[in-house]
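Dumped input.cif below, it's mmCIF, C-alpha atoms and all ligand atoms:
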data_structure
#
loop_
_atom_site.label_atom_id
_atom_site.label_comp_id
_atom_site.auth_asym_id
_atom_site.auth_seq_id
_atom_site.Cartn_x
_atom_site.Cartn_y
_atom_site.Cartn_z
CA MET A 97 -164.05 110.31 -88.93
CA SER A 98 -164.69 113.24 -91.18
CA ARG A 99 -165.78 116.48 -89.63
CA ASP A 100 -167.50 119.48 -91.10
CA ILE A 101 -164.69 122.03 -91.15
CA ASN A 102 -167.26 124.80 -91.13
CA ASN A 103 -168.65 123.72 -87.78
CA LYS A 104 -167.13 126.08 -85.22
CA TYR A 105 -167.24 123.43 -82.49
CA TRP A 106 -165.03 120.38 -82.08
CA ASP A 107 -167.67 118.67 -79.97
CA GLU A 108 -170.80 120.74 -80.38
CA GLU A 109 -172.96 118.82 -77.96
CA LEU A 110 -170.41 119.00 -75.16
CA GLU A 111 -169.33 122.59 -75.74
CA THR A 112 -172.85 123.99 -75.84
CA LEU A 113 -174.48 121.83 -73.14
CA PRO A 114 -177.01 123.80 -71.11
CA ARG A 115 -175.37 124.50 -67.75
CA GLU A 116 -177.89 122.43 -65.90
CA GLU A 117 -176.94 119.43 -68.01
CA LEU A 118 -173.23 120.20 -67.71
CA GLU A 119 -173.52 120.36 -63.93
CA LYS A 120 -175.44 117.09 -63.88
CA ARG A 121 -172.54 115.43 -65.69
CA GLN A 122 -170.05 117.09 -63.36
CA LEU A 123 -171.91 115.73 -60.34
CA ALA A 124 -171.96 112.16 -61.65
CA ASP A 125 -168.22 112.33 -62.43
CA LEU A 126 -167.44 113.99 -59.10
CA GLN A 127 -169.22 111.25 -57.17
CA GLU A 128 -167.36 108.61 -59.11
CA ILE A 129 -163.89 110.19 -58.83
CA VAL A 130 -164.14 111.01 -55.13
CA LYS A 131 -165.10 107.43 -54.40
CA PHE A 132 -162.34 106.15 -56.67
CA ALA A 133 -159.79 108.40 -54.92
CA TYR A 134 -160.96 107.32 -51.47
CA ASP A 135 -160.87 103.63 -52.35
CA ASN A 136 -157.53 103.67 -54.16
CA ALA A 137 -155.28 106.56 -53.08
CA PRO A 138 -153.89 106.13 -49.54
CA TYR A 139 -153.65 109.89 -49.01
CA TYR A 140 -157.34 110.54 -49.69
CA LYS A 141 -158.45 107.62 -47.51
CA ARG A 142 -156.48 109.11 -44.63
CA SER A 143 -157.38 112.76 -45.16
CA PHE A 144 -161.12 112.15 -45.73
CA ASP A 145 -161.25 109.96 -42.62
CA GLU A 146 -159.47 112.63 -40.60
CA ALA A 147 -161.88 115.29 -41.87
CA GLY A 148 -164.84 113.02 -41.13
CA VAL A 149 -166.11 113.01 -44.73
CA LYS A 150 -167.12 110.14 -46.98
CA PRO A 151 -167.60 109.92 -50.77
CA GLU A 152 -171.33 109.34 -50.15
CA ASP A 153 -171.53 112.87 -48.67
CA ILE A 154 -171.44 114.27 -52.20
CA LYS A 155 -175.08 114.79 -53.13
CA THR A 156 -174.67 118.15 -54.89
CA LEU A 157 -171.65 119.92 -56.43
CA LYS A 158 -171.52 122.21 -53.41
CA ASP A 159 -170.84 119.25 -51.13
CA ILE A 160 -167.24 119.29 -52.38
CA GLN A 161 -166.78 122.22 -50.00
CA LYS A 162 -166.83 119.79 -47.05
CA PHE A 163 -163.66 118.12 -48.31
CA PRO A 164 -160.11 119.18 -47.39
CA PHE A 165 -157.84 121.14 -49.75
CA ILE A 166 -154.59 119.87 -51.18
CA ASN A 167 -151.77 121.93 -52.72
CA LYS A 168 -148.28 121.61 -54.22
CA THR A 169 -146.87 120.71 -50.81
CA THR A 170 -149.28 117.76 -50.57
CA GLN A 171 -147.95 116.53 -53.90
CA ARG A 172 -144.32 116.93 -52.82
CA ASP A 173 -144.85 115.26 -49.46
CA THR A 174 -146.67 112.24 -50.90
CA GLN A 175 -144.79 111.51 -54.11
CA GLY A 176 -142.57 108.47 -53.86
CA VAL A 177 -144.17 107.52 -50.54
CA GLY A 178 -145.24 103.85 -50.44
CA SER A 179 -144.79 103.45 -54.20
CA PHE A 180 -143.05 105.15 -57.09
CA LEU A 181 -146.14 107.23 -57.86
CA GLY A 182 -146.88 108.03 -54.24
CA GLU A 183 -149.93 108.28 -52.05
CA LEU A 184 -152.04 110.58 -54.26
CA ALA A 185 -151.93 108.09 -57.12
CA ALA A 186 -154.98 105.86 -57.43
CA VAL A 187 -153.78 103.31 -59.98
CA PRO A 188 -150.83 100.90 -60.06
CA GLU A 189 -147.80 101.88 -62.09
CA GLU A 190 -148.59 99.38 -64.85
CA ASP A 191 -151.71 101.40 -65.74
CA VAL A 192 -149.67 104.57 -66.24
CA VAL A 193 -148.45 105.44 -69.74
CA PHE A 194 -147.02 108.92 -69.27
CA ILE A 195 -145.70 111.25 -66.59
CA SER A 196 -144.87 114.90 -66.92
CA THR A 197 -143.17 116.93 -64.25
CA SER A 198 -143.41 120.55 -63.21
CA SER A 199 -140.48 122.87 -63.86
CA GLY A 200 -139.59 122.95 -60.19
CA SER A 201 -139.28 126.73 -60.36
CA THR A 202 -140.88 126.93 -56.92
CA GLY A 203 -139.36 123.86 -55.29
CA VAL A 204 -138.97 120.12 -55.89
CA PRO A 205 -140.53 119.17 -59.27
CA THR A 206 -143.81 117.32 -58.92
CA MET A 207 -144.82 114.56 -61.32
CA SER A 208 -148.18 114.10 -62.94
CA PRO A 209 -149.15 110.60 -64.09
CA PHE A 210 -151.68 109.68 -66.81
CA THR A 211 -153.42 106.43 -67.63
CA LYS A 212 -154.02 105.68 -71.32
CA LYS A 213 -157.59 106.98 -70.98
CA ASP A 214 -156.44 110.10 -69.08
CA PHE A 215 -153.95 110.79 -71.84
CA ASP A 216 -156.44 110.27 -74.68
CA GLU A 217 -158.96 112.57 -73.00
CA PHE A 218 -156.18 115.14 -72.43
CA GLN A 219 -155.42 115.12 -76.15
CA ASP A 220 -159.07 115.32 -77.13
CA THR A 221 -159.30 118.43 -74.95
CA GLU A 222 -156.27 119.88 -76.72
CA SER A 223 -157.84 119.17 -80.13
CA ARG A 224 -160.93 121.02 -78.92
CA TRP A 225 -158.86 124.12 -78.02
CA PHE A 226 -157.02 124.06 -81.34
CA TRP A 227 -160.33 123.76 -83.21
CA GLN A 228 -161.76 126.56 -81.05
CA ILE A 229 -159.14 129.05 -82.26
CA GLY A 230 -159.86 128.03 -85.84
CA MET A 231 -157.18 125.42 -86.55
CA ARG A 232 -158.35 123.02 -89.28
CA PRO A 233 -156.81 119.99 -91.03
CA ASN A 234 -155.38 122.21 -93.79
CA ASP A 235 -153.29 124.18 -91.29
CA ARG A 236 -149.58 123.69 -90.80
CA TYR A 237 -148.67 123.90 -87.16
CA VAL A 238 -145.34 124.47 -85.40
CA HIS A 239 -145.29 123.29 -81.80
CA ALA A 240 -142.49 125.44 -80.37
CA LEU A 241 -142.79 124.24 -76.77
CA ASN A 242 -140.39 122.29 -74.63
CA PHE A 243 -140.82 118.54 -74.96
CA SER A 244 -138.62 117.56 -72.04
CA LEU A 245 -140.77 116.42 -69.11
CA TYR A 246 -143.14 119.35 -69.73
CA VAL A 247 -146.88 118.67 -69.95
CA GLY A 248 -147.24 121.18 -72.82
CA GLY A 249 -145.01 119.04 -75.05
CA PRO A 250 -147.52 116.29 -75.92
CA ASP A 251 -150.22 118.84 -76.81
CA VAL A 252 -148.92 118.59 -80.36
CA ILE A 253 -150.68 115.22 -80.54
CA GLY A 254 -154.00 117.06 -80.11
CA ALA A 255 -153.21 119.12 -83.21
CA GLN A 256 -152.18 116.00 -85.10
CA ASN A 257 -155.38 114.17 -84.11
CA LEU A 258 -157.30 117.15 -85.47
CA GLY A 259 -155.60 116.54 -88.78
CA ALA A 260 -153.23 119.51 -88.97
CA LEU A 261 -149.77 119.04 -90.43
CA CYS A 262 -147.57 119.19 -87.34
CA ILE A 263 -143.96 120.26 -87.05
CA TRP A 264 -142.44 119.32 -83.70
CA GLY A 265 -140.28 122.39 -83.23
CA GLY A 266 -139.54 122.11 -79.52
CA THR A 267 -137.17 124.74 -78.22
CA LEU A 268 -135.17 125.32 -81.37
CA PRO A 269 -132.70 128.21 -81.41
CA SER A 270 -134.46 131.20 -82.98
CA GLU A 271 -132.40 131.22 -86.21
CA ARG A 272 -133.43 127.64 -86.87
CA LEU A 273 -137.05 128.32 -85.97
CA LEU A 274 -137.14 131.31 -88.34
CA PHE A 275 -135.77 129.01 -91.03
CA VAL A 276 -138.67 126.62 -90.37
CA LEU A 277 -141.19 129.48 -90.53
CA LYS A 278 -139.71 130.79 -93.76
CA THR A 279 -139.28 127.47 -95.49
CA TYR A 280 -142.38 125.51 -94.48
CA LYS A 281 -144.70 128.51 -94.16
CA PRO A 282 -146.71 127.22 -91.17
CA THR A 283 -149.96 129.03 -90.35
CA VAL A 284 -150.14 128.41 -86.58
CA ILE A 285 -147.46 128.48 -83.88
CA TRP A 286 -147.52 127.99 -80.12
CA THR A 287 -144.89 129.54 -77.90
CA SER A 288 -144.62 131.84 -74.85
CA PRO A 289 -145.78 135.46 -75.18
CA SER A 290 -142.37 136.96 -74.47
CA TYR A 291 -140.76 134.65 -76.99
CA ALA A 292 -143.40 135.35 -79.65
CA TRP A 293 -142.59 139.00 -79.30
CA GLN A 294 -138.83 138.57 -79.27
CA LEU A 295 -138.90 136.17 -82.21
CA GLY A 296 -140.85 138.77 -84.19
CA GLU A 297 -138.26 141.42 -83.33
CA LYS A 298 -135.43 139.08 -84.23
CA ALA A 299 -137.04 138.33 -87.56
CA LEU A 300 -137.31 142.04 -88.34
CA LYS A 301 -133.68 142.62 -87.36
CA SER A 302 -132.56 139.82 -89.68
CA GLY A 303 -134.46 141.32 -92.61
CA ILE A 304 -137.57 139.09 -92.43
CA ASP A 305 -140.91 140.88 -92.16
CA PRO A 306 -143.20 138.40 -90.40
CA LYS A 307 -146.25 140.03 -92.03
CA LYS A 308 -144.97 139.72 -95.61
CA ASP A 309 -142.35 137.01 -95.63
CA LEU A 310 -144.02 134.49 -93.29
CA ASN A 311 -147.47 132.94 -93.23
CA ILE A 312 -148.37 132.79 -89.51
CA LYS A 313 -152.08 133.55 -89.04
CA LYS A 314 -152.54 132.46 -85.44
CA ILE A 315 -150.23 132.49 -82.46
CA ILE A 316 -151.03 130.50 -79.33
CA VAL A 317 -149.29 131.70 -76.21
CA ALA A 318 -149.10 130.19 -72.73
CA GLY A 319 -146.82 129.87 -69.75
CA GLU A 320 -146.83 133.56 -68.86
CA LEU A 321 -149.64 136.01 -68.29
CA GLY A 322 -148.99 138.16 -71.35
CA GLY A 323 -151.59 136.47 -73.52
CA SER A 324 -154.36 137.69 -71.25
CA ILE A 325 -153.08 141.26 -71.31
CA GLU A 326 -154.64 143.01 -74.27
CA ALA A 327 -151.72 145.42 -74.77
CA THR A 328 -149.25 142.53 -74.92
CA ARG A 329 -151.45 140.60 -77.33
CA LYS A 330 -151.73 143.66 -79.56
CA ALA A 331 -147.97 144.23 -79.49
CA ILE A 332 -147.40 140.66 -80.70
CA GLU A 333 -150.25 140.89 -83.24
CA ASP A 334 -148.78 144.12 -84.68
CA ILE A 335 -145.42 142.50 -85.37
CA TRP A 336 -146.82 139.30 -86.87
CA GLY A 337 -150.07 140.44 -88.47
CA ALA A 338 -151.63 137.39 -86.76
CA GLU A 339 -154.28 136.70 -84.12
CA VAL A 340 -152.97 135.87 -80.64
CA TYR A 341 -154.84 133.46 -78.34
CA ASP A 342 -154.03 132.75 -74.72
CA PHE A 343 -154.05 129.17 -73.37
CA TYR A 344 -153.72 128.20 -69.72
CA GLY A 345 -152.26 124.93 -68.50
CA LEU A 346 -151.18 123.35 -65.26
CA SER A 347 -148.41 120.79 -65.07
CA ASP A 348 -150.64 119.01 -62.54
CA ILE A 349 -153.56 118.58 -64.98
CA PHE A 350 -153.32 119.24 -68.74
CA GLY A 351 -150.99 121.14 -71.06
CA ALA A 352 -153.94 123.44 -71.65
CA CYS A 353 -156.94 123.29 -69.31
CA ALA A 354 -158.46 126.47 -70.72
CA ALA A 355 -158.26 128.49 -73.93
CA MET A 356 -159.52 131.69 -75.50
CA CYS A 357 -162.17 131.66 -78.19
CA GLU A 358 -162.69 134.34 -80.83
CA ALA A 359 -164.37 136.59 -78.23
CA LYS A 360 -161.06 136.77 -76.27
CA ASP A 361 -162.98 137.55 -73.11
CA GLY A 362 -161.41 135.14 -70.65
CA LEU A 363 -160.46 131.50 -71.30
CA HIS A 364 -163.03 128.71 -71.58
CA ILE A 365 -162.13 126.01 -69.09
CA ALA A 366 -162.92 122.34 -69.76
CA GLU A 367 -165.62 122.05 -67.12
CA ASN A 368 -166.30 118.46 -68.13
CA HIS A 369 -162.83 117.73 -66.69
CA ILE A 370 -162.40 120.35 -64.01
CA LEU A 371 -164.71 121.54 -61.26
CA VAL A 372 -163.72 125.12 -60.49
CA GLU A 373 -164.06 126.85 -57.14
CA THR A 374 -162.77 130.28 -56.16
CA VAL A 375 -161.74 130.70 -52.53
CA ASP A 376 -160.59 133.50 -50.28
CA LEU A 377 -156.80 133.63 -50.30
CA HIS A 378 -156.44 133.69 -46.56
CA THR A 379 -159.50 132.00 -45.08
CA GLY A 380 -160.19 129.44 -47.82
CA GLU A 381 -163.85 130.45 -47.72
CA VAL A 382 -165.65 129.66 -50.98
CA LEU A 383 -166.55 132.73 -53.04
CA GLU A 384 -169.34 133.27 -55.56
CA PRO A 385 -168.64 133.00 -59.31
CA GLY A 386 -167.31 136.38 -60.45
CA GLN A 387 -165.47 137.13 -57.23
CA VAL A 388 -161.68 137.24 -57.33
CA GLY A 389 -159.81 134.65 -55.28
CA GLU A 390 -157.55 131.64 -55.54
CA LEU A 391 -158.70 129.11 -58.12
CA VAL A 392 -159.25 125.63 -56.72
CA PHE A 393 -159.60 122.75 -59.16
CA THR A 394 -160.99 119.25 -58.77
CA THR A 395 -160.19 116.94 -61.65
CA LEU A 396 -163.31 115.01 -62.54
CA ARG A 397 -161.97 112.32 -64.84
CA LYS A 398 -158.24 111.77 -64.30
CA HIS A 399 -157.85 108.42 -62.64
CA ALA A 400 -154.07 108.05 -62.36
CA ARG A 401 -153.87 110.82 -59.80
CA PRO A 402 -157.14 112.55 -59.00
CA LEU A 403 -156.78 116.05 -57.62
CA ILE A 404 -159.53 116.80 -55.14
CA ARG A 405 -159.72 120.50 -54.23
CA PHE A 406 -156.27 121.44 -55.48
CA ARG A 407 -155.28 125.01 -54.60
CA THR A 408 -153.63 126.18 -57.81
CA GLY A 409 -151.90 129.29 -56.45
CA ASP A 410 -153.44 131.25 -59.33
CA ILE A 411 -155.58 134.27 -58.59
CA GLY A 412 -158.56 134.87 -60.80
CA ARG A 413 -162.29 134.64 -61.24
CA ILE A 414 -164.71 132.50 -63.17
CA ASP A 415 -167.53 133.74 -65.35
CA THR A 416 -170.23 131.12 -65.89
CA THR A 417 -172.43 133.21 -68.18
CA LYS A 418 -172.81 132.05 -71.77
CA CYS A 419 -170.14 133.42 -74.08
CA SER A 420 -170.95 135.18 -77.35
CA CYS A 421 -169.30 132.21 -79.12
CA GLY A 422 -172.14 129.99 -77.89
CA ARG A 423 -170.05 127.87 -75.55
CA THR A 424 -171.47 127.27 -72.11
CA HIS A 425 -168.31 126.19 -70.31
CA GLY A 426 -167.20 128.90 -67.88
CA ARG A 427 -164.42 131.35 -68.62
CA ILE A 428 -161.57 132.00 -66.24
CA HIS A 429 -159.81 135.33 -65.99
CA ILE A 430 -156.36 134.96 -64.43
CA LEU A 431 -154.80 137.94 -62.66
CA GLY A 432 -151.55 136.31 -61.59
CA ARG A 433 -149.80 133.89 -59.31
CA LYS A 434 -150.44 134.21 -55.60
CA ASP A 435 -146.66 134.13 -55.10
CA ASP A 436 -146.11 137.04 -57.50
CA MET A 437 -148.70 139.36 -55.97
CA PHE A 438 -147.32 142.00 -53.63
CA ILE A 439 -148.97 144.61 -51.49
CA VAL A 440 -148.03 148.28 -51.59
CA SER A 441 -149.93 150.73 -49.39
CA ALA A 442 -152.72 148.18 -48.91
CA VAL A 443 -153.17 147.74 -52.68
CA ASN A 444 -152.73 144.28 -54.26
CA VAL A 445 -150.31 144.71 -57.14
CA PHE A 446 -149.86 142.10 -59.86
CA PRO A 447 -146.88 142.21 -62.22
CA SER A 448 -149.45 141.83 -65.01
CA ASP A 449 -150.84 145.32 -64.23
CA ILE A 450 -147.39 146.78 -64.62
CA GLU A 451 -146.86 144.84 -67.84
CA ALA A 452 -150.11 146.19 -69.26
CA VAL A 453 -148.95 149.79 -68.68
CA VAL A 454 -145.46 149.23 -70.05
CA ARG A 455 -146.71 147.48 -73.18
CA GLU A 456 -149.30 150.17 -73.92
CA HIS A 457 -147.02 153.14 -73.42
CA LYS A 458 -145.62 154.81 -76.54
CA GLY A 459 -141.92 155.59 -76.88
CA ILE A 460 -140.62 152.67 -74.81
CA THR A 461 -139.73 149.19 -76.01
CA GLY A 462 -142.11 147.26 -73.75
CA GLU A 463 -139.31 145.40 -71.95
CA TYR A 464 -139.40 145.80 -68.19
CA LEU A 465 -138.05 144.64 -64.85
CA ILE A 466 -139.85 145.01 -61.54
CA ARG A 467 -138.02 145.24 -58.22
CA ILE A 468 -139.88 144.83 -54.98
CA PHE A 469 -138.09 146.04 -51.88
CA GLU A 470 -138.66 147.32 -48.39
CA LYS A 471 -137.94 150.77 -47.10
CA ASP A 472 -138.95 152.14 -43.72
CA PHE A 473 -140.84 148.88 -43.10
CA THR A 474 -143.13 149.29 -46.10
CA ASN A 475 -143.16 147.53 -49.44
CA LYS A 476 -142.11 149.60 -52.42
CA TYR A 477 -141.75 148.78 -56.07
CA ALA A 478 -139.49 150.13 -58.77
CA VAL A 479 -139.83 149.61 -62.51
CA GLU A 480 -137.01 149.58 -65.03
CA ILE A 481 -137.84 150.18 -68.67
CA GLU A 482 -136.11 150.83 -72.00
CA LYS A 483 -136.59 154.02 -73.99
CA SER A 484 -137.05 153.38 -77.72
CA ALA A 485 -134.07 154.44 -79.82
CA ASP A 486 -136.21 156.96 -81.76
CA ASN A 487 -137.82 158.63 -78.72
CA PRO A 488 -136.56 162.25 -78.54
CA LYS A 489 -137.73 162.82 -74.94
CA SER A 490 -135.31 162.96 -72.02
CA ASP A 491 -135.05 160.02 -69.62
CA ASP A 492 -136.58 162.14 -66.85
CA GLU A 493 -139.61 162.98 -68.98
CA VAL A 494 -140.14 159.32 -69.90
CA ALA A 495 -139.76 158.25 -66.26
CA ALA A 496 -142.33 160.82 -65.14
CA GLU A 497 -144.83 159.74 -67.82
CA VAL A 498 -144.54 156.05 -66.99
CA SER A 499 -144.72 156.73 -63.27
CA ALA A 500 -147.97 158.65 -63.76
CA ALA A 501 -149.41 155.90 -65.97
CA LEU A 502 -148.58 153.27 -63.32
CA LYS A 503 -150.19 155.38 -60.61
CA ALA A 504 -153.31 155.80 -62.75
CA ARG A 505 -153.72 152.06 -63.38
CA ILE A 506 -152.56 150.53 -60.13
CA GLY A 507 -153.35 153.23 -57.61
CA VAL A 508 -149.87 153.44 -56.14
CA LYS A 509 -146.85 155.14 -57.63
CA PRO A 510 -143.58 153.27 -58.05
CA ALA A 511 -140.72 154.42 -55.82
CA ARG A 512 -138.80 155.07 -59.03
CA VAL A 513 -138.77 154.41 -62.75
CA VAL A 514 -135.31 153.70 -64.15
CA VAL A 515 -134.88 154.39 -67.86
CA HIS A 516 -132.39 152.32 -69.86
CA PRO A 517 -131.48 152.71 -73.53
CA ASP A 518 -133.06 150.36 -76.12
CA GLY A 519 -131.68 146.86 -75.46
CA GLY A 520 -130.20 147.94 -72.11
CA LEU A 521 -132.29 145.57 -70.00
CA ASN A 522 -131.19 141.99 -70.02
CA THR A 523 -134.72 140.58 -69.96
CA ARG A 524 -134.96 139.06 -73.43
CA SER A 525 -134.87 135.33 -73.05
CA GLU A 526 -135.67 132.37 -75.22
CA HIS A 527 -138.43 131.12 -72.91
CA LYS A 528 -140.05 132.38 -69.72
CA SER A 529 -138.50 135.71 -68.84
CA LYS A 530 -137.61 136.58 -65.26
CA ARG A 531 -139.05 140.03 -64.81
CA VAL A 532 -139.73 140.32 -61.12
CA ILE A 533 -136.92 140.57 -58.58
CA ASP A 534 -137.96 140.40 -54.97
CA GLU A 535 -135.29 142.07 -52.86
CA ARG A 536 -137.23 142.04 -49.62
CA ASN A 537 -135.41 139.19 -47.88
CA LEU A 538 -132.15 140.66 -48.97
CA ASP A 539 -133.02 143.89 -47.18
CA TYR A 540 -133.73 141.99 -43.98
CA ASN A 541 -130.36 140.26 -44.10
CA ILE A 542 -128.50 143.54 -44.45
ZN ZN A 601 -166.35 131.91 -76.11
#
Go ahead and render the structure in this file as structure tokens.
Ligand SMILES: [Zn+2]
Amino acid sequence: MSRDINNKYWDEELETLPREELEKRQLADLQEIVKFAYDNAPYYKRSFDEAGVKPEDIKTLKDIQKFPFINKTTQRDTQGVGSFLGELAAVPEEDVVFISTSSGSTGVPTMSPFTKKDFDEFQDTESRWFWQIGMRPNDRYVHALNFSLYVGGPDVIGAQNLGALCIWGGTLPSERLLFVLKTYKPTVIWTSPSYAWQLGEKALKSGIDPKKDLNIKKIIVAGELGGSIEATRKAIEDIWGAEVYDFYGLSDIFGACAAMCEAKDGLHIAENHILVETVDLHTGEVLEPGQVGELVFTTLRKHARPLIRFRTGDIGRIDTTKCSCGRTHGRIHILGRKDDMFIVSAVNVFPSDIEAVVREHKGITGEYLIRIFEKDFTNKYAVEIEKSADNPKSDDEVAAEVSAALKARIGVKPARVVVHPDGGLNTRSEHKSKRVIDERNLDYNI
């Protein structure tokens, strides 16, 4: 199939469907998948019966609200039960062609199975995101994501299906990756935001100027929140002289379920695959579009293991107004993980707010570490930063400035700001960086 490379859409009809039409399609798919799940996945049969709901109850999209939630724990408790794939799976193992698993960073890894059709539709969605950020068949693309078990690994097939020249970088050591960038001159790369930044710094330190000596025009980032924080995006863009786009994936669904367009105002989510709800964190009550809450996803077309009302643990909001790019699929704005949010003096604090301040502030390197602890029975937070080598100000002055900037953005001052010399924080890592240390349980034990 030959495509018009000047068309900004991968699938124009789908991407620009009037919402009414899009919702009509969602409803038809929802009715089908809920019935399929009920008829084929032992868990759904049991839980729908217990809740007194039937697939036929779905007459409008809102009727999904009558159905029970599931979460990571549901996945853990049902996997391997009754069959290898477990009680949430709705197809026999012989229909499954691929499984990915979560990193297990918050418990036992959970696996996500795909049928051949699930997998092909997953890759078509990935092609659509790549096309959306401007990737075309004449691009050279380095996929610098982990291939082992990780659902982001196979996304490279989406770029290949689009026609780009693909280099399966994986998690190469940075010297080797810089060699690839220098030698093959790729134009697009996908990695994590912290690694994109560190790789740029490493290049500079080894005498390579990414702007002059390399040819990267677009950087896709995912896996951490940085790509949705403008200051972080700008910091990466400044080093590379390239555009940065944030993608959002879930090991339970697709390598990328949502992606930025050129407007960079939230991430378009594939609403033909995912029905999005936002619910109150504590009560589970459904909120209106635009309100901030926990994102709850229902997969509309994945048959191997349908997810009906899956609580993602991600806090955000959805904007269903038409984007300036012309796409009608809603845009999600992610604020952070429910598990990462902490409360100080009745204010919800997300590590991403702290990152935004630290990355914007002049005279510090942008590296940071957050400590959350308890003192006098209240939560406190402390921030550790690095002063740039060429900053003439004293540590006390820098600490006072950053403390004031944090208070201005978040509303509550940190208990302290600790200033380290350039390179003094051990937060630079090859992949996801650990930047939040929760010391609260520790305090209890002492
Ligand atoms: Zn857009």
Report as a tab-separated table the residues of chain A within 7 Å of ligand ZN 601 (chain A), each with its shortest atom pair and distance in Å (one decimal), using only C-alpha atoms and all ligand atoms, ordered by chain and increasing residue number.
residue	atom	partner	partner_atom	distance
A:Met356	CA	A:ZN601	ZN	6.9
A:Cys357	CA	A:ZN601	ZN	4.7
A:Glu358	CA	A:ZN601	ZN	6.4
A:Ala359	CA	A:ZN601	ZN	5.5
A:His364	CA	A:ZN601	ZN	6.5
A:Cys419	CA	A:ZN601	ZN	4.6
A:Ser420	CA	A:ZN601	ZN	5.8
A:Cys421	CA	A:ZN601	ZN	4.2
A:Gly422	CA	A:ZN601	ZN	6.4
A:Arg423	CA	A:ZN601	ZN	5.5
**OP:** For each of A:Gln122, A:Val392, A:Lys213, A:Arg455, take the minimum atom-to-atom distance to Lys330 of chain A, counting all atoms listed in the file, then give the residue where this is smallest.
**Re:**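 Of A:Gln122, A:Val392, A:Lys213, A:Arg455, the one nearest Lys330 of chain A, counting all atoms listed in the file, is A:Arg455.
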**OP:** In Å, rounded to a single decimal, give me how far atom CA of Lys458 of chain A is from atom CA of Val445 of chain A.
**Re:**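 Here the two named atoms are 22.4 Å from each other.
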Original post:
Which one of A:Ile312, A:Leu181, A:Val204, A:Met437 sits closest to Tyr477 of chain A if you count only C-alpha atoms?
Top reply: A:Met437
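In this comparison, which uses only C-alpha atoms, the residue of A:Pro517, A:Pro164, A:Gly176, A:Gly337 approaching Lys314 of chain A most closely is A:Gly337.
Using only C-alpha atoms, the smallest distance between any of A:Val532, A:Val340, A:Leu118, A:Ala485 and Phe446 of chain A comes from A:Val532.
Atom CA of Gly519 of chain A lies 14.9 Å from atom CA of Leu300 of chain A.
Distance annotation: of A:Asp410, A:Asp145, A:Glu339, A:Glu463, the residue with the minimal separation from Arg433 of chain A is A:Asp410; atom set is only C-alpha atoms.
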Would you fill the gaps in segment 111-122 of chain A so it has N, CA and C atoms, then print it as a compact mmCIF listing (two decimals), in the coordinates of the input?
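Saved file out-v6.txt follows:
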# COMPACT_ATOMS: atom_id res chain seq x y z
N GLU A 111 -169.73 121.19 -75.93
CA GLU A 111 -169.33 122.59 -75.74
C GLU A 111 -170.51 123.52 -75.52
N THR A 112 -171.69 123.09 -75.96
CA THR A 112 -172.85 123.99 -75.84
C THR A 112 -173.92 123.41 -74.89
N LEU A 113 -173.53 122.43 -74.09
CA LEU A 113 -174.48 121.83 -73.14
C LEU A 113 -175.12 122.91 -72.26
N PRO A 114 -176.43 122.88 -72.09
CA PRO A 114 -177.01 123.80 -71.11
C PRO A 114 -176.33 123.58 -69.76
N ARG A 115 -176.15 124.64 -69.00
CA ARG A 115 -175.37 124.50 -67.75
C ARG A 115 -175.96 123.46 -66.80
N GLU A 116 -177.26 123.40 -66.79
CA GLU A 116 -177.89 122.43 -65.90
C GLU A 116 -177.42 121.00 -66.23
N GLU A 117 -177.36 120.75 -67.53
CA GLU A 117 -176.94 119.43 -68.01
C GLU A 117 -175.45 119.20 -67.72
N LEU A 118 -174.68 120.26 -67.96
CA LEU A 118 -173.23 120.20 -67.71
C LEU A 118 -172.98 119.89 -66.23
N GLU A 119 -173.72 120.56 -65.37
CA GLU A 119 -173.52 120.36 -63.93
C GLU A 119 -173.99 118.97 -63.49
N LYS A 120 -174.99 118.45 -64.17
CA LYS A 120 -175.44 117.09 -63.88
C LYS A 120 -174.32 116.09 -64.18
N ARG A 121 -173.67 116.30 -65.32
CA ARG A 121 -172.54 115.43 -65.69
C ARG A 121 -171.39 115.59 -64.70
N GLN A 122 -171.14 116.84 -64.31
CA GLN A 122 -170.05 117.09 -63.36
C GLN A 122 -170.32 116.34 -62.05
